[in-house]
>>> print(open('data.pdb').read())   # PDB, C-alpha atoms
ATOM      1  CA  MET A  34     132.394  85.930 116.667
ATOM      2  CA  PRO A  35     130.094  86.838 119.602
ATOM      3  CA  GLU A  36     131.296  89.348 122.156
ATOM      4  CA  ARG A  37     132.063  87.613 125.444
ATOM      5  CA  GLU A  38     130.820  89.106 128.660
ATOM      6  CA  SER A  39     133.409  90.112 131.215
ATOM      7  CA  PRO A  40     133.734  87.671 134.120
ATOM      8  CA  HIS A  41     132.863  90.659 136.302
ATOM      9  CA  ALA A  42     129.723  91.535 134.331
ATOM     10  CA  LEU A  43     126.355  91.279 136.034
ATOM     11  CA  LEU A  44     122.971  90.987 134.396
ATOM     12  CA  ALA A  45     121.039  93.370 136.632
ATOM     13  CA  GLN A  46     117.371  92.966 135.871
ATOM     14  CA  ASP A  47     116.040  94.563 139.033
ATOM     15  CA  PRO A  48     116.997  97.114 141.714
ATOM     16  CA  ALA A  49     118.072  94.362 144.115
ATOM     17  CA  ALA A  50     120.748  93.140 141.687
ATOM     18  CA  ILE A  51     122.117  96.666 141.262
ATOM     19  CA  GLY A  52     122.154  97.113 145.030
ATOM     20  CA  LYS A  53     123.963  93.811 145.489
ATOM     21  CA  ALA A  54     126.646  94.825 142.984
ATOM     22  CA  ILE A  55     127.160  98.146 144.757
ATOM     23  CA  ARG A  56     127.379  96.451 148.171
ATOM     24  CA  GLN A  57     129.915  93.924 146.823
ATOM     25  CA  ARG A  58     132.057  96.706 145.344
ATOM     26  CA  ARG A  59     131.931  98.682 148.593
ATOM     27  CA  GLN A  60     132.989  95.598 150.534
ATOM     28  CA  GLU A  61     135.827  94.936 148.049
ATOM     29  CA  MET A  62     136.996  98.489 148.754
ATOM     30  CA  ASP A  63     136.804  97.657 152.484
ATOM     31  CA  ILE A  64     134.870 100.791 153.409
ATOM     32  CA  THR A  65     131.796 101.359 155.548
ATOM     33  CA  GLN A  66     128.484 102.648 154.243
ATOM     34  CA  ALA A  67     129.216 106.000 155.902
ATOM     35  CA  GLU A  68     132.619 106.241 154.204
ATOM     36  CA  ALA A  69     131.107 105.193 150.877
ATOM     37  CA  ALA A  70     128.281 107.709 151.182
ATOM     38  CA  ALA A  71     130.811 110.484 151.787
ATOM     39  CA  LEU A  72     132.869 109.318 148.792
ATOM     40  CA  CYS A  73     129.758 109.317 146.596
ATOM     41  CA  LYS A  74     128.437 112.599 148.017
ATOM     42  CA  VAL A  75     125.105 111.024 148.995
ATOM     43  CA  GLY A  76     123.494 110.361 152.348
ATOM     44  CA  THR A  77     124.073 107.138 154.268
ATOM     45  CA  ARG A  78     120.333 106.406 154.197
ATOM     46  CA  PHE A  79     120.282 106.742 150.394
ATOM     47  CA  LEU A  80     123.218 104.358 150.028
ATOM     48  CA  SER A  81     121.614 101.868 152.423
ATOM     49  CA  GLU A  82     118.345 101.959 150.497
ATOM     50  CA  LEU A  83     120.224 101.547 147.221
ATOM     51  CA  GLU A  84     122.159  98.533 148.516
ATOM     52  CA  ASN A  85     118.878  97.034 149.734
ATOM     53  CA  GLY A  86     117.263  97.334 146.310
ATOM     54  CA  LYS A  87     114.784 100.139 146.878
ATOM     55  CA  ALA A  88     113.111 100.646 143.512
ATOM     56  CA  THR A  89     112.115 104.300 143.811
ATOM     57  CA  LEU A  90     115.459 106.050 144.080
ATOM     58  CA  HIS A  91     116.623 109.089 142.106
ATOM     59  CA  LEU A  92     118.381 107.765 138.989
ATOM     60  CA  GLY A  93     120.860 110.645 138.916
ATOM     61  CA  LYS A  94     122.076 109.778 142.400
ATOM     62  CA  VAL A  95     122.277 106.074 141.526
ATOM     63  CA  LEU A  96     124.504 106.935 138.568
ATOM     64  CA  GLN A  97     126.588 109.182 140.839
ATOM     65  CA  VAL A  98     127.209 106.222 143.181
ATOM     66  CA  LEU A  99     128.054 103.916 140.286
ATOM     67  CA  ARG A 100     130.605 106.415 138.942
ATOM     68  CA  ALA A 101     132.226 106.805 142.365
ATOM     69  CA  PHE A 102     132.641 103.025 142.604
ATOM     70  CA  GLY A 103     133.972 102.707 139.064
ATOM     71  CA  LEU A 104     130.890 100.801 137.901
ATOM     72  CA  VAL A 105     128.941 101.358 134.691
ATOM     73  CA  ILE A 106     125.601 100.302 133.286
ATOM     74  CA  LEU A 107     125.675  98.810 129.799
ATOM     75  CA  LEU A 108     122.330  98.809 128.004
ATOM     76  CA  LYS A 109     121.600  96.209 125.327
ATOM     77  CA  ARG A 110     118.428  95.029 123.690
ATOM     78  CA  LYS A 111     117.142  91.968 125.496
ATOM     79  CA  GLY A 112     117.742  89.566 122.618
ATOM     80  CA  MET A 113     121.357  90.768 122.310
ATOM     81  CA  ILE A 114     122.546  89.935 125.834
ATOM     82  CA  ASN A 115     124.670  86.935 124.811
ATOM     83  CA  GLU A 116     125.350  87.975 121.224
TER      84      GLU A 116
END
>>> encode(input="data.pdb", output="structure tokens")
Amino acid sequence: MPERESPHALLAQDPAAIGKAIRQRRQEMDITQAEAAALCKVGTRFLSELENGKATLHLGKVLQVLRAFGLVILLKRKGMINE
């Protein structure tokens, strides 16, 4: 039986989709960018650029933000997305 994706799963194929997911999570938490940046131990400018889909950000910091928001990245081979 195929594994079903979580209703909260997002197929993030570009930096903008990752940024959108982070912005949505921050808004769910009802915190400002400045508060979120402090929580994630990154600068406000970095968080703003991340939320806006900047493609050339430091991956380690992106993962740091995801962890702080309780988000994870799940990697699958392209043909296995809905399997």
>>> resolve_selection(input="data.pdb", expression="the PyMOL selection byres ((chain A and resi 45) around 12)", output="PyMOL selection string")
chain A and resi 42-44+46-55+86+105-109+111+114
>>> closest_residue(input="data.pdb", among="A:Gly93, A:Ala101, A:Arg56, A:Lys87", to="Lys74 (chain A)", atoms="all atoms listed in the file")
A:Ala101
>>> atom_distance(input="data.pdb", atom1="CA of Leu90 (chain A)", atom2="CA of Glu61 (chain A)")
23.5 Å
>>> atom_distance(input="data.pdb", atom1="CA of Arg110 (chain A)", atom2="CA of Asn85 (chain A)")
26.1 Å
>>> atom_distance(input="data.pdb", atom1="CA of Ala88 (chain A)", atom2="CA of Asp63 (chain A)")
25.5 Å
>>> resolve_selection(input="data.pdb", expression="the PyMOL selection byres ((chain A and resi 66) around 9)", output="list in words")
Arg56, Arg59, Ile64, Thr65, Ala67, Glu68, Ala69, Ala70, Ala71, Thr77, Arg78, Leu80 and Ser81 of chain A
>>> residues_around(input="data.pdb", residues="Gln97 (chain A)", least_positions_apart="6", cutoff="10 Å", atoms="only C-alpha atoms", output="list in words")
Cys73, Lys74, Val75, Gly103 and Leu104 of chain A
>>> write_last_selection(input="data.pdb", atoms="C-alpha atoms", output="CSV table (one decimal), in the coordinates of the input")
chain,number,residue,atom,x,y,z
A,73,CYS,CA,129.8,109.3,146.6
A,74,LYS,CA,128.4,112.6,148.0
A,75,VAL,CA,125.1,111.0,149.0
A,103,GLY,CA,134.0,102.7,139.1
A,104,LEU,CA,130.9,100.8,137.9
